[in-house]
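Structure data follow from target_15.txt (compact mmCIF, C-alpha atoms and all ligand atoms):
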# COMPACT_ATOMS: atom_id res chain seq x y z
CA MET R 1 21.25 -29.43 -14.50
CA ARG R 2 23.37 -27.93 -11.69
CA VAL R 3 21.11 -26.46 -9.01
CA SER R 4 21.59 -24.46 -5.78
CA VAL R 5 18.91 -23.62 -3.22
CA PHE R 6 19.31 -20.66 -0.85
CA GLY R 7 16.88 -20.98 2.05
CA ALA R 8 16.46 -24.74 1.44
CA THR R 9 14.99 -25.43 4.90
CA GLY R 10 12.15 -22.92 4.62
CA SER R 11 8.66 -23.25 3.21
CA ILE R 12 9.69 -22.42 -0.38
CA GLY R 13 12.94 -24.35 0.08
CA GLU R 14 11.04 -27.50 1.10
CA SER R 15 8.69 -27.23 -1.87
CA THR R 16 11.72 -26.80 -4.14
CA PHE R 17 13.42 -29.79 -2.51
CA ASP R 18 10.28 -31.85 -3.11
CA LEU R 19 10.40 -31.10 -6.86
CA LEU R 20 14.16 -31.62 -7.13
CA ALA R 21 14.02 -34.95 -5.29
CA ARG R 22 11.58 -36.28 -7.91
CA ARG R 23 14.07 -35.72 -10.76
CA ASP R 24 17.08 -37.76 -11.78
CA ASP R 25 18.84 -35.08 -13.86
CA ILE R 26 19.73 -32.78 -10.93
CA GLN R 27 23.25 -32.16 -9.65
CA ALA R 28 22.82 -30.28 -6.36
CA VAL R 29 25.58 -27.73 -5.82
CA ALA R 30 24.91 -25.62 -2.68
CA LEU R 31 22.06 -25.86 -0.20
CA THR R 32 21.79 -23.21 2.51
CA GLY R 33 19.77 -22.77 5.67
CA GLY R 34 19.70 -21.02 8.99
CA ARG R 35 19.26 -22.75 12.34
CA ASN R 36 17.60 -25.94 11.12
CA VAL R 37 20.90 -27.73 10.45
CA ALA R 38 19.49 -31.24 10.97
CA ARG R 39 17.06 -30.75 8.07
CA LEU R 40 19.70 -29.01 5.96
CA ALA R 41 22.06 -31.96 6.38
CA GLU R 42 19.26 -34.40 5.56
CA GLN R 43 18.43 -32.52 2.34
CA ALA R 44 22.11 -32.23 1.36
CA ARG R 45 22.67 -35.96 1.89
CA SER R 46 19.53 -36.86 0.00
CA LEU R 47 20.42 -34.73 -3.05
CA GLY R 48 24.18 -35.43 -2.82
CA ALA R 49 25.00 -31.71 -2.69
CA GLU R 50 28.56 -30.39 -2.99
CA ILE R 51 28.21 -28.09 0.03
CA ALA R 52 25.72 -27.22 2.77
CA VAL R 53 25.97 -23.80 4.40
CA THR R 54 24.32 -22.49 7.55
CA ALA R 55 24.10 -18.71 7.94
CA HIS R 56 25.10 -18.98 11.62
CA ASP R 57 28.69 -19.54 12.78
CA ASP R 58 27.47 -21.16 16.00
CA CYS R 59 25.66 -23.85 13.99
CA TYR R 60 28.81 -25.01 12.18
CA ALA R 61 29.78 -27.85 14.56
CA ALA R 62 26.27 -29.32 14.48
CA LEU R 63 26.13 -29.16 10.68
CA LYS R 64 29.60 -30.71 10.29
CA GLU R 65 28.64 -33.54 12.60
CA ALA R 66 25.33 -34.15 10.82
CA LEU R 67 27.19 -34.39 7.50
CA ALA R 68 29.99 -36.67 8.76
CA GLY R 69 30.84 -39.39 6.25
CA SER R 70 28.47 -38.01 3.59
CA GLY R 71 31.09 -36.35 1.39
CA VAL R 72 29.10 -33.07 1.59
CA GLU R 73 31.26 -30.10 2.58
CA ALA R 74 30.02 -27.99 5.53
CA ALA R 75 30.40 -24.22 5.93
CA ALA R 76 28.95 -21.47 8.11
CA GLY R 77 28.55 -17.72 8.27
CA THR R 78 27.14 -14.94 6.12
CA GLN R 79 30.21 -14.71 3.91
CA ALA R 80 30.39 -18.48 3.32
CA LEU R 81 26.73 -18.37 2.33
CA ILE R 82 27.29 -15.56 -0.15
CA ASP R 83 30.42 -17.27 -1.53
CA ALA R 84 28.39 -20.44 -2.16
CA ALA R 85 26.53 -18.46 -4.82
CA ASP R 86 29.79 -18.21 -6.80
CA ARG R 87 29.77 -21.96 -7.40
CA PRO R 88 28.71 -22.50 -11.01
CA ALA R 89 25.04 -23.49 -11.24
CA ASP R 90 22.50 -23.38 -14.05
CA TRP R 91 19.52 -22.70 -11.77
CA VAL R 92 19.52 -21.03 -8.37
CA MET R 93 16.53 -20.74 -6.04
CA SER R 94 16.56 -17.53 -3.96
CA ALA R 95 14.34 -18.39 -0.98
CA ILE R 96 16.03 -16.85 2.04
CA VAL R 97 13.56 -14.71 3.94
CA GLY R 98 14.21 -10.97 4.26
CA ALA R 99 16.94 -8.62 3.08
CA ALA R 100 19.57 -11.32 3.77
CA GLY R 101 18.52 -12.93 0.47
CA LEU R 102 19.74 -10.02 -1.65
CA ALA R 103 23.52 -10.62 -1.77
CA PRO R 104 23.53 -14.33 -2.73
CA GLY R 105 21.00 -13.65 -5.51
CA PHE R 106 23.26 -10.94 -6.86
CA ARG R 107 26.26 -13.27 -6.92
CA ALA R 108 24.24 -15.97 -8.65
CA LEU R 109 23.32 -13.51 -11.42
CA ALA R 110 26.97 -12.49 -11.77
CA GLN R 111 27.90 -16.06 -12.66
CA GLY R 112 25.12 -16.13 -15.27
CA ALA R 113 22.74 -18.50 -13.48
CA THR R 114 18.99 -18.46 -13.98
CA LEU R 115 17.68 -17.04 -10.71
CA ALA R 116 14.33 -18.36 -9.53
CA LEU R 117 13.34 -15.45 -7.32
CA ALA R 118 11.08 -16.10 -4.34
CA ASN R 119 12.87 -13.57 -2.10
CA LYS R 120 10.62 -10.60 -2.86
CA GLU R 121 12.79 -8.26 -0.79
CA SER R 122 15.46 -8.39 -3.55
CA LEU R 123 13.31 -6.54 -6.08
CA VAL R 124 11.65 -4.31 -3.49
CA THR R 125 14.95 -3.03 -2.12
CA ALA R 126 17.19 -3.17 -5.20
CA GLY R 127 14.98 -3.73 -8.23
CA PRO R 128 16.88 -1.60 -10.77
CA LEU R 129 20.21 -3.12 -9.66
CA MET R 130 18.96 -6.70 -9.88
CA MET R 131 17.52 -6.19 -13.35
CA ALA R 132 20.70 -4.44 -14.55
CA GLU R 133 22.91 -7.18 -13.08
CA ALA R 134 20.88 -9.85 -14.87
CA ALA R 135 21.15 -7.96 -18.16
CA ARG R 136 24.90 -7.36 -17.72
CA HIS R 137 25.64 -11.06 -17.27
CA ASP R 138 23.03 -12.33 -19.70
CA ALA R 139 21.38 -14.07 -16.76
CA ARG R 140 17.66 -14.53 -16.33
CA ILE R 141 15.39 -13.85 -13.37
CA LEU R 142 12.25 -15.98 -13.24
CA PRO R 143 9.61 -14.89 -10.70
CA VAL R 144 8.52 -17.47 -8.13
CA ASP R 145 6.04 -15.44 -6.15
CA SER R 146 2.80 -17.01 -7.37
CA GLU R 147 1.34 -13.65 -8.46
CA HIS R 148 4.40 -12.68 -10.49
CA SER R 149 4.74 -16.13 -12.00
CA ALA R 150 1.09 -15.77 -13.04
CA VAL R 151 1.70 -12.35 -14.65
CA PHE R 152 4.83 -13.73 -16.34
CA GLN R 153 2.82 -16.64 -17.75
CA ALA R 154 -0.04 -14.38 -18.92
CA LEU R 155 2.50 -12.28 -20.82
CA VAL R 156 4.06 -15.14 -22.81
CA GLY R 157 3.82 -14.18 -26.48
CA GLU R 158 2.25 -10.79 -25.66
CA ASP R 159 3.45 -7.26 -26.35
CA THR R 160 3.93 -5.66 -22.90
CA GLY R 161 3.16 -2.31 -24.57
CA ALA R 162 -0.42 -3.56 -25.01
CA VAL R 163 -0.85 -4.08 -21.26
CA GLU R 164 -3.28 -1.64 -19.66
CA ARG R 165 -3.25 -2.98 -16.11
CA VAL R 166 -2.11 -5.76 -13.85
CA ILE R 167 -4.34 -6.95 -11.02
CA ILE R 168 -2.72 -8.65 -8.04
CA PRO R 169 -5.22 -10.52 -5.86
CA ALA R 170 -4.94 -10.71 -2.08
CA SER R 171 -6.87 -13.25 -0.01
CA GLY R 172 -7.49 -10.60 2.64
CA GLY R 173 -6.07 -13.02 5.19
CA PRO R 174 -7.67 -13.82 8.55
CA PHE R 175 -8.60 -10.16 9.19
CA ARG R 176 -10.51 -9.51 5.96
CA ASP R 177 -13.79 -8.76 7.74
CA TRP R 178 -12.43 -7.32 10.98
CA SER R 179 -13.38 -3.81 12.04
CA LEU R 180 -10.69 -1.20 12.73
CA GLU R 181 -11.48 -1.37 16.47
CA ARG R 182 -11.02 -5.14 16.52
CA LEU R 183 -7.79 -4.90 14.47
CA GLU R 184 -6.27 -2.69 17.18
CA HIS R 185 -6.21 -5.78 19.43
CA ALA R 186 -5.33 -8.48 16.88
CA THR R 187 -2.85 -10.98 18.33
CA LEU R 188 0.12 -12.86 16.91
CA ALA R 189 -1.77 -16.17 17.06
CA GLU R 190 -4.68 -14.63 15.13
CA ALA R 191 -2.31 -13.21 12.50
CA MET R 192 -0.71 -16.65 12.08
CA THR R 193 -3.84 -18.34 10.72
CA HIS R 194 -3.79 -17.86 6.95
CA PRO R 195 -6.98 -19.21 5.37
CA ASN R 196 -5.44 -20.67 2.17
CA TRP R 197 -1.64 -20.88 2.09
CA SER R 198 0.79 -22.70 4.37
CA MET R 199 3.92 -20.50 4.59
CA GLY R 200 6.76 -19.37 6.86
CA GLN R 201 5.88 -17.31 9.99
CA ARG R 202 7.00 -13.92 8.67
CA ILE R 203 5.20 -14.05 5.33
CA THR R 204 2.06 -15.40 7.03
CA ILE R 205 1.88 -12.34 9.31
CA ASP R 206 2.74 -10.07 6.36
CA SER R 207 -0.19 -11.65 4.52
CA ALA R 208 -2.57 -10.82 7.36
CA SER R 209 -1.47 -7.16 7.41
CA LEU R 210 -1.32 -7.02 3.57
CA PHE R 211 2.32 -5.93 3.87
CA ASN R 212 3.06 -8.99 1.78
CA LYS R 213 0.70 -7.64 -0.90
CA ALA R 214 2.38 -4.24 -0.59
CA LEU R 215 5.74 -5.88 -1.32
CA GLU R 216 4.18 -7.67 -4.29
CA LEU R 217 2.83 -4.44 -5.81
CA ILE R 218 6.31 -2.91 -5.59
CA GLU R 219 7.83 -6.12 -6.97
CA THR R 220 5.42 -5.97 -9.94
CA ARG R 221 6.60 -2.47 -10.74
CA GLU R 222 10.26 -3.39 -10.50
CA PHE R 223 10.17 -6.70 -12.37
CA PHE R 224 7.80 -5.86 -15.22
CA GLY R 225 8.37 -2.10 -15.38
CA PHE R 226 4.67 -1.13 -15.25
CA GLU R 227 3.71 2.29 -13.92
CA PRO R 228 2.13 2.50 -10.44
CA ASP R 229 -1.26 3.49 -11.87
CA GLN R 230 -1.29 0.30 -13.97
CA ILE R 231 -0.95 -1.91 -10.90
CA GLU R 232 -4.02 -2.71 -8.78
CA ALA R 233 -4.82 -4.97 -5.86
CA VAL R 234 -8.13 -6.76 -5.37
CA ILE R 235 -9.36 -8.90 -2.49
CA HIS R 236 -10.09 -12.43 -3.70
CA PRO R 237 -10.65 -14.67 -0.65
CA GLN R 238 -10.34 -18.04 -2.43
CA SER R 239 -6.75 -17.45 -3.71
CA ILE R 240 -7.65 -19.38 -6.88
CA ILE R 241 -6.78 -16.57 -9.29
CA HIS R 242 -3.11 -15.70 -8.85
CA ALA R 243 -3.03 -12.61 -11.08
CA LEU R 244 -4.81 -10.96 -13.99
CA VAL R 245 -3.37 -8.97 -16.88
CA GLY R 246 -5.62 -6.52 -18.71
CA PHE R 247 -4.83 -5.54 -22.30
CA ARG R 248 -5.79 -2.43 -24.27
CA ASP R 249 -8.52 -4.32 -26.15
CA GLY R 250 -10.29 -4.92 -22.84
CA ALA R 251 -9.29 -8.60 -22.55
CA LEU R 252 -8.40 -9.76 -19.06
CA MET R 253 -6.15 -12.85 -18.84
CA ALA R 254 -6.36 -14.66 -15.50
CA HIS R 255 -4.07 -17.35 -14.15
CA LEU R 256 -5.88 -19.91 -11.98
CA GLY R 257 -4.44 -22.71 -9.92
CA ALA R 258 -4.53 -24.48 -6.59
CA PRO R 259 -2.73 -22.59 -3.78
CA ASP R 260 0.45 -24.68 -3.97
CA MET R 261 3.82 -22.97 -4.44
CA ARG R 262 5.13 -26.02 -6.31
CA HIS R 263 3.29 -24.70 -9.36
CA ALA R 264 5.26 -21.43 -9.57
CA ILE R 265 8.51 -23.15 -8.51
CA GLY R 266 7.97 -25.94 -11.03
CA TYR R 267 7.21 -23.44 -13.79
CA ALA R 268 10.52 -21.66 -13.09
CA LEU R 269 12.39 -24.97 -12.83
CA ASN R 270 11.13 -26.24 -16.19
CA TRP R 271 10.86 -22.95 -18.07
CA PRO R 272 10.43 -22.49 -21.00
CA ASP R 273 8.85 -25.96 -21.02
CA ARG R 274 5.87 -27.08 -18.98
CA ALA R 275 6.43 -30.34 -17.13
CA LYS R 276 3.89 -32.47 -15.29
CA LEU R 277 3.70 -31.23 -11.69
CA PRO R 278 2.36 -32.92 -8.55
CA VAL R 279 -0.17 -30.17 -7.79
CA ALA R 280 -3.93 -30.56 -7.31
CA ARG R 281 -6.10 -29.89 -10.37
CA LEU R 282 -8.93 -27.41 -9.86
CA ASP R 283 -12.51 -28.64 -9.78
CA LEU R 284 -14.28 -25.47 -10.87
CA ALA R 285 -17.77 -26.85 -10.30
CA ALA R 286 -16.82 -27.75 -6.72
CA ILE R 287 -15.41 -24.24 -6.17
CA GLY R 288 -18.66 -22.82 -7.50
CA ALA R 289 -18.03 -19.08 -7.19
CA LEU R 290 -15.13 -16.67 -6.97
CA GLN R 291 -15.47 -13.47 -4.94
CA PHE R 292 -13.81 -10.09 -5.40
CA GLU R 293 -13.83 -6.97 -3.20
CA ALA R 294 -12.04 -3.63 -3.26
CA PRO R 295 -9.36 -3.51 -0.53
CA ASP R 296 -10.05 -1.09 2.32
CA PRO R 297 -7.08 1.33 2.55
CA VAL R 298 -8.06 2.39 6.08
CA ARG R 299 -8.06 -1.08 7.60
CA PHE R 300 -5.11 -2.16 5.42
CA PRO R 301 -2.79 0.88 5.23
CA ALA R 302 0.10 -1.20 3.82
CA LEU R 303 -1.39 -0.87 0.31
CA ARG R 304 -1.50 2.93 0.55
CA LEU R 305 2.13 2.94 1.72
CA ALA R 306 3.13 0.68 -1.17
CA ARG R 307 1.67 3.13 -3.65
CA ALA R 308 3.71 5.96 -2.14
CA VAL R 309 6.87 3.81 -2.32
CA MET R 310 6.18 2.92 -5.98
CA GLU R 311 5.90 6.63 -6.78
CA MET R 312 9.06 7.58 -4.84
CA ARG R 313 11.23 4.67 -6.05
CA GLY R 314 14.95 5.25 -5.34
CA HIS R 315 15.79 3.87 -1.90
CA ALA R 316 12.20 4.09 -0.64
CA GLY R 317 11.74 0.33 -1.20
CA ALA R 318 14.77 -0.49 0.96
CA ALA R 319 13.53 1.83 3.73
CA PHE R 320 10.00 0.44 3.50
CA ASN R 321 11.18 -3.15 3.72
CA ALA R 322 13.61 -2.52 6.57
CA ALA R 323 11.02 -0.62 8.61
CA LYS R 324 8.50 -3.38 7.92
CA GLU R 325 10.99 -6.03 9.11
CA VAL R 326 11.61 -4.11 12.36
CA ALA R 327 7.85 -3.65 12.83
CA LEU R 328 7.32 -7.38 12.29
CA ASP R 329 10.07 -8.31 14.79
CA GLU R 330 8.50 -5.98 17.35
CA PHE R 331 5.02 -7.41 16.76
CA ILE R 332 6.31 -10.98 17.08
CA ALA R 333 8.11 -10.00 20.29
CA GLY R 334 4.87 -8.52 21.65
CA ARG R 335 6.26 -4.98 21.88
CA LEU R 336 4.13 -3.49 19.10
CA ARG R 337 0.42 -3.84 18.47
CA TYR R 338 -0.83 -5.08 15.11
CA LEU R 339 -1.91 -1.72 13.63
CA ASP R 340 1.19 -0.03 15.02
CA MET R 341 3.25 -1.96 12.44
CA ALA R 342 1.89 0.23 9.63
CA ARG R 343 2.15 3.36 11.78
CA LEU R 344 5.81 2.59 12.44
CA VAL R 345 6.58 2.04 8.76
CA GLU R 346 4.83 5.27 7.78
CA ARG R 347 6.63 7.31 10.44
CA THR R 348 9.99 5.85 9.45
CA ILE R 349 9.46 6.76 5.80
CA ASP R 350 8.26 10.24 6.73
CA GLN R 351 11.32 10.79 8.88
CA LEU R 352 13.70 9.55 6.19
CA LEU R 353 11.97 11.67 3.52
CA THR R 354 13.60 14.72 5.02
CA ASP R 355 16.85 13.01 4.03
CA SER R 356 17.27 13.51 0.26
CA CYS R 357 18.92 10.13 -0.40
CA LEU R 358 15.60 8.31 0.11
CA THR R 359 14.53 9.12 -3.44
CA ALA R 360 18.02 9.10 -5.00
CA PRO R 361 18.36 6.46 -7.75
CA VAL R 362 19.73 3.10 -6.64
CA THR R 363 23.22 2.68 -8.09
CA THR R 364 25.07 0.26 -5.80
CA LEU R 365 24.32 -2.54 -3.39
CA GLU R 366 26.20 -0.59 -0.72
CA THR R 367 23.78 2.36 -0.80
CA VAL R 368 20.84 -0.07 -0.57
CA GLN R 369 22.42 -1.73 2.46
CA ALA R 370 23.19 1.67 4.00
CA MET R 371 19.54 2.72 3.61
CA ASP R 372 18.46 -0.60 5.07
CA GLN R 373 20.56 0.07 8.17
CA MET R 374 19.47 3.70 8.44
CA ALA R 375 15.79 2.74 8.25
CA ARG R 376 16.23 -0.04 10.83
CA GLU R 377 17.86 2.39 13.25
CA ALA R 378 15.20 5.03 12.66
CA ALA R 379 12.42 2.47 13.13
CA ARG R 380 13.96 1.09 16.34
CA THR R 381 14.22 4.62 17.79
CA LEU R 382 10.61 5.35 16.82
CA VAL R 383 9.43 2.12 18.46
CA LEU R 384 10.77 3.36 21.79
CA ARG R 385 8.74 6.56 21.40
CA MET R 386 5.60 4.59 20.48
CA ALA R 387 5.84 2.26 23.48
P1 LIG R 401 10.77 -19.41 5.74
O1 LIG R 401 10.85 -18.56 6.94
O2 LIG R 401 9.92 -20.61 5.75
O3 LIG R 401 12.26 -19.90 5.32
C1 LIG R 401 13.33 -19.00 5.23
C2 LIG R 401 14.62 -19.69 4.86
O4 LIG R 401 15.70 -18.76 5.00
C3 LIG R 401 15.00 -20.87 5.78
O5 LIG R 401 15.79 -21.76 5.05
C4 LIG R 401 15.80 -20.19 6.88
O6 LIG R 401 16.64 -21.09 7.57
C5 LIG R 401 16.61 -19.21 6.05
N1 LIG R 401 17.04 -18.03 6.76
C6 LIG R 401 16.37 -17.32 7.70
N2 LIG R 401 17.08 -16.24 8.09
C7 LIG R 401 18.23 -16.27 7.38
C8 LIG R 401 19.38 -15.42 7.34
N3 LIG R 401 19.48 -14.32 8.10
N4 LIG R 401 20.39 -15.75 6.50
C9 LIG R 401 20.30 -16.86 5.73
N5 LIG R 401 19.24 -17.70 5.72
C10 LIG R 401 18.21 -17.40 6.55
O7 LIG R 401 10.39 -18.43 4.53
P2 LIG R 401 9.52 -18.75 3.24
O8 LIG R 401 10.04 -19.98 2.56
O9 LIG R 401 8.09 -18.65 3.56
O10 LIG R 401 9.87 -17.48 2.33
C11 LIG R 401 11.14 -17.30 1.71
C12 LIG R 401 11.06 -16.12 0.77
O11 LIG R 401 10.13 -16.42 -0.27
C13 LIG R 401 10.55 -14.83 1.43
O12 LIG R 401 11.18 -13.73 0.85
C14 LIG R 401 9.07 -14.83 1.10
O13 LIG R 401 8.53 -13.53 1.07
C15 LIG R 401 9.09 -15.45 -0.28
N6 LIG R 401 7.86 -16.11 -0.68
C16 LIG R 401 7.34 -17.11 0.10
C17 LIG R 401 6.16 -17.74 -0.26
C18 LIG R 401 5.60 -18.89 0.53
O14 LIG R 401 4.59 -19.47 0.11
N7 LIG R 401 6.19 -19.28 1.63
C19 LIG R 401 5.42 -17.32 -1.47
C20 LIG R 401 6.10 -16.33 -2.25
C21 LIG R 401 7.27 -15.73 -1.86
P3 LIG R 401 16.18 -21.92 8.90
O15 LIG R 401 14.73 -22.20 8.76
O16 LIG R 401 17.04 -23.15 8.81
O17 LIG R 401 16.51 -21.05 10.07
Please go through the file and, once you have read it, give me the structure as structure tokens.
Amino acid sequence: MRVSVFGATGSIGESTFDLLARRDDIQAVALTGGRNVARLAEQARSLGAEIAVTAHDDCYAALKEALAGSGVEAAAGTQALIDAADRPADWVMSAIVGAAGLAPGFRALAQGATLALANKESLVTAGPLMMAEAARHDARILPVDSEHSAVFQALVGEDTGAVERVIIPASGGPFRDWSLERLEHATLAEAMTHPNWSMGQRITIDSASLFNKALELIETREFFGFEPDQIEAVIHPQSIIHALVGFRDGALMAHLGAPDMRHAIGYALNWPDRAKLPVARLDLAAIGALQFEAPDPVRFPALRLARAVMEMRGHAGAAFNAAKEVALDEFIAGRLRYLDMARLVERTIDQLLTDSCLTAPVTTLETVQAMDQMAREAARTLVLRMA
């Protein structure tokens, strides 16, 4: 099987690499990364990839040197990274973080590859386009986000018309019990301590603010086509249940597993088969009890904003994601307080709502990218006013 991994040096990329390295039927095509060129070169050598690509031009010399004598081609820059997705592959992992993951995923679909989609921003910003592109090229998108993989698995053999609701659990993160007053002063270090999952910095902070869950609700709508009122979130601190699907006969199908992304990645890698995976098996008696709570929309406004975006559709997802990325950058840089992230996103959407194209249907990648830029600019201007 010919395989490419976009975002190979990240948290999802490393878990994917771990599974690929255990197999002897893999021909690695393209591996891509950002600034961690030493690790990218190591992975490319180990898997015998055709090409390794760093997104940054200034990292080219270091990558080339690290690959010297390996026979692996080196390339750098955004365009080289996107072009790498044109190389024929049967299975492509989309695990770049942020909106930068959209274009390579699109190209991979255009050459008919099966796209294992971890990059949630792709569906949030350009869901209808991604699904149409897959259909046009007879390509398949397999969800890798653990919640969406769980929903996908619960739907095998089922009639989606019989689905009443989908429940997406959220751990509640490190701030689950914090008061609103305390949240006003939450720090970056506090937001970086996820109780259950080990992930990249950005998604860890998004998990604390529930912006990650907000993206997942929107992703659920775009991938499976359910209506907003069929999609719910519930706080489930143990992160043992990854999603539940409720059917019209009242049955609720839950997917349980250890919090290890190699399950969802492995499912997508082996689909439609199930292969033995190196993930921990659950000891239910040791776990003892599972808790559930209703999420508090006041302390976690991201969920309320997600619902508005699901209703608006059009380019609202692109604006939401871009404003959220700016808010996250500002929080990481110490220029925005924790709760101000949601305030910034809400104000950006409100401002762009006066512009009719926010709710216009998504028809091209260019309009999505234009909205992304417009929202980033609007958010950056608003940050200055909030300071
Ligand atoms: P990481 O931050 O750990 O890794 C991101 C990867 O993308 C790295 O390879 C990084 O390179 C590369 N990268 C960063 N910026 C750019 C850019 N501008 N252009 C090209 N490549 C870039 O992220 P995660 O692995 O945690 O997440 C990846 C995606 O998967 C996200 O969309 C996330 O929401 C989603 N996801 C993650 C889960 C998780 O458990 N981590 C769970 C479900 C979904 P380098 O490090 O070399 O700079």
Restrict the calculation to only C-alpha atoms and all ligand atoms, then for each residue of chain R with any atom at most 9 Å from an atom of ligand LIG 401 (chain R) give the closest atom pair and their distance in Å to one decimal, rows by chain and rising residue number, as a tab-separated table.
residue	atom	partner	partner_atom	distance
R:Phe6	CA	R:LIG401	O5	7.0
R:Gly7	CA	R:LIG401	O5	3.3
R:Ala8	CA	R:LIG401	O5	4.7
R:Thr9	CA	R:LIG401	O5	3.8
R:Gly10	CA	R:LIG401	O3	3.1
R:Ser11	CA	R:LIG401	O8	3.6
R:Ile12	CA	R:LIG401	O8	3.8
R:Gly13	CA	R:LIG401	O8	5.8
R:Glu14	CA	R:LIG401	O8	7.7
R:Ser15	CA	R:LIG401	O8	8.6
R:Thr32	CA	R:LIG401	O5	6.7
R:Gly33	CA	R:LIG401	O6	4.0
R:Gly34	CA	R:LIG401	O17	3.4
R:Arg35	CA	R:LIG401	O17	4.0
R:Asn36	CA	R:LIG401	O16	3.7
R:Val37	CA	R:LIG401	O16	6.2
R:Ala38	CA	R:LIG401	O16	8.7
R:Arg39	CA	R:LIG401	O16	7.6
R:Leu40	CA	R:LIG401	O16	7.0
R:Thr54	CA	R:LIG401	C9	7.2
R:Ala55	CA	R:LIG401	C9	4.8
R:His56	CA	R:LIG401	N4	7.7
R:Gly77	CA	R:LIG401	N4	8.6
R:Thr78	CA	R:LIG401	N4	6.8
R:Leu81	CA	R:LIG401	C9	7.4
R:Ser94	CA	R:LIG401	C12	7.4
R:Ala95	CA	R:LIG401	C11	4.3
R:Ile96	CA	R:LIG401	O4	3.5
R:Val97	CA	R:LIG401	C13	3.9
R:Gly98	CA	R:LIG401	O12	5.3
R:Ala99	CA	R:LIG401	N3	8.0
R:Ala100	CA	R:LIG401	N4	5.3
R:Gly101	CA	R:LIG401	C9	6.8
R:Leu117	CA	R:LIG401	O11	7.8
R:Ala118	CA	R:LIG401	O11	4.2
R:Asn119	CA	R:LIG401	O12	3.4
R:Lys120	CA	R:LIG401	O12	4.9
R:Glu121	CA	R:LIG401	O12	5.9
R:Ser122	CA	R:LIG401	O12	8.1
R:Val144	CA	R:LIG401	C20	6.5
R:Asp145	CA	R:LIG401	C20	4.0
R:Ser146	CA	R:LIG401	C20	6.1
R:Glu147	CA	R:LIG401	C20	8.3
R:Trp197	CA	R:LIG401	O14	6.7
R:Ser198	CA	R:LIG401	O14	6.6
R:Met199	CA	R:LIG401	N7	3.9
R:Gly200	CA	R:LIG401	O2	3.6
R:Gln201	CA	R:LIG401	O1	6.0
R:Arg202	CA	R:LIG401	O1	6.3
R:Ile203	CA	R:LIG401	O13	5.4
R:Thr204	CA	R:LIG401	O9	7.7
R:Asp206	CA	R:LIG401	O13	8.6
R:Asn212	CA	R:LIG401	O13	7.1
R:Leu215	CA	R:LIG401	O13	8.5
R:Glu216	CA	R:LIG401	C21	9.0
R:Pro259	CA	R:LIG401	O14	8.9
R:Asp260	CA	R:LIG401	O14	7.8
R:Met261	CA	R:LIG401	O14	5.8
R:Ala264	CA	R:LIG401	C20	9.0
*asked:* Can you pull out the residues contacting Met371 in chain R? Cut-off 10 Å, using only C-alpha atoms, and skip same-chain residues under 3 positions away; I want them as a list in words.
replied: Thr125, His315, Ala316, Gly317, Ala318, Ala319, Phe320, Ala322, Leu352, Cys357, Leu358, Leu365, Glu366, Thr367, Val368, Met374, Ala375, Arg376 and Glu377 of chain R
*Could you check how far CA of Leu129 in chain R sits from CA of Ile82 in chain R, in Å to one decimal?*
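Rounded to one decimal, the two atoms are 17.2 Å apart.
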*Using all atoms listed in the file, pick whichever of R:Ala280, R:Val166, R:Ala103, R:Ala49 has the shortest atom-to-atom distance to Glu227 in chain R.*
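Of all the options, R:Val166 lies closest to Glu227 in chain R.
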*Can you tell me, as a PyMOL selection string, what residues are no more than 9 Å from Tyr338 in chain R when counting only C-alpha atoms, ignoring any on the same chain fewer than 2 positions away?*
chain R and resi 183-188+191+209+328+331+336+340-342
*Between R:Leu384, R:Val92, R:Ala113, R:Gly266, which one has atoms that come closest to Arg335 in chain R, using all atoms listed in the file?*
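Ranking R:Leu384, R:Val92, R:Ala113, R:Gly266 by distance to Arg335 in chain R, first place goes to R:Leu384.
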*asked:* Rounded to one decimal, what separation in Å do you get between CA of Ala21 in chain R and CA of Leu47 in chain R?
replied: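 CA of Leu47 in chain R lies at a distance of 6.8 Å from CA of Ala21 in chain R.
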*What gap, in Å, lies between CA of Val124 in chain R and CA of Ala251 in chain R?*
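Distance between the two atoms: 28.6 Å.
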_I'd like the neighbourhood of Val3 in chain R as a VMD selection string, where a residue qualifies if any of its atoms comes within 9 Å (using all atoms listed in the file), though same-chain residues fewer than 4 positions away should be ignored._
chain R and resid 20 26 to 31 88 to 93
*Neighbour list for Glu133 in chain R as a ChimeraX atom specification, cut-off 7 Å, only C-alpha atoms, skip fewer than 3 positions in-chain*: /R:109-110,129-130,136-137
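The environment of Leu123 in chain R within 8 Å, counting only C-alpha atoms and disregarding residues fewer than 4 places along the same chain, consists of Gly127, Pro128, Met130, Ile218, Glu219, Glu222 and Phe223 of chain R.
Of the listed residues (R:Ala275, R:Leu339, R:Gly112, R:Leu217), R:Leu217 comes nearest to Ala243 in chain R; the distances count all atoms listed in the file.
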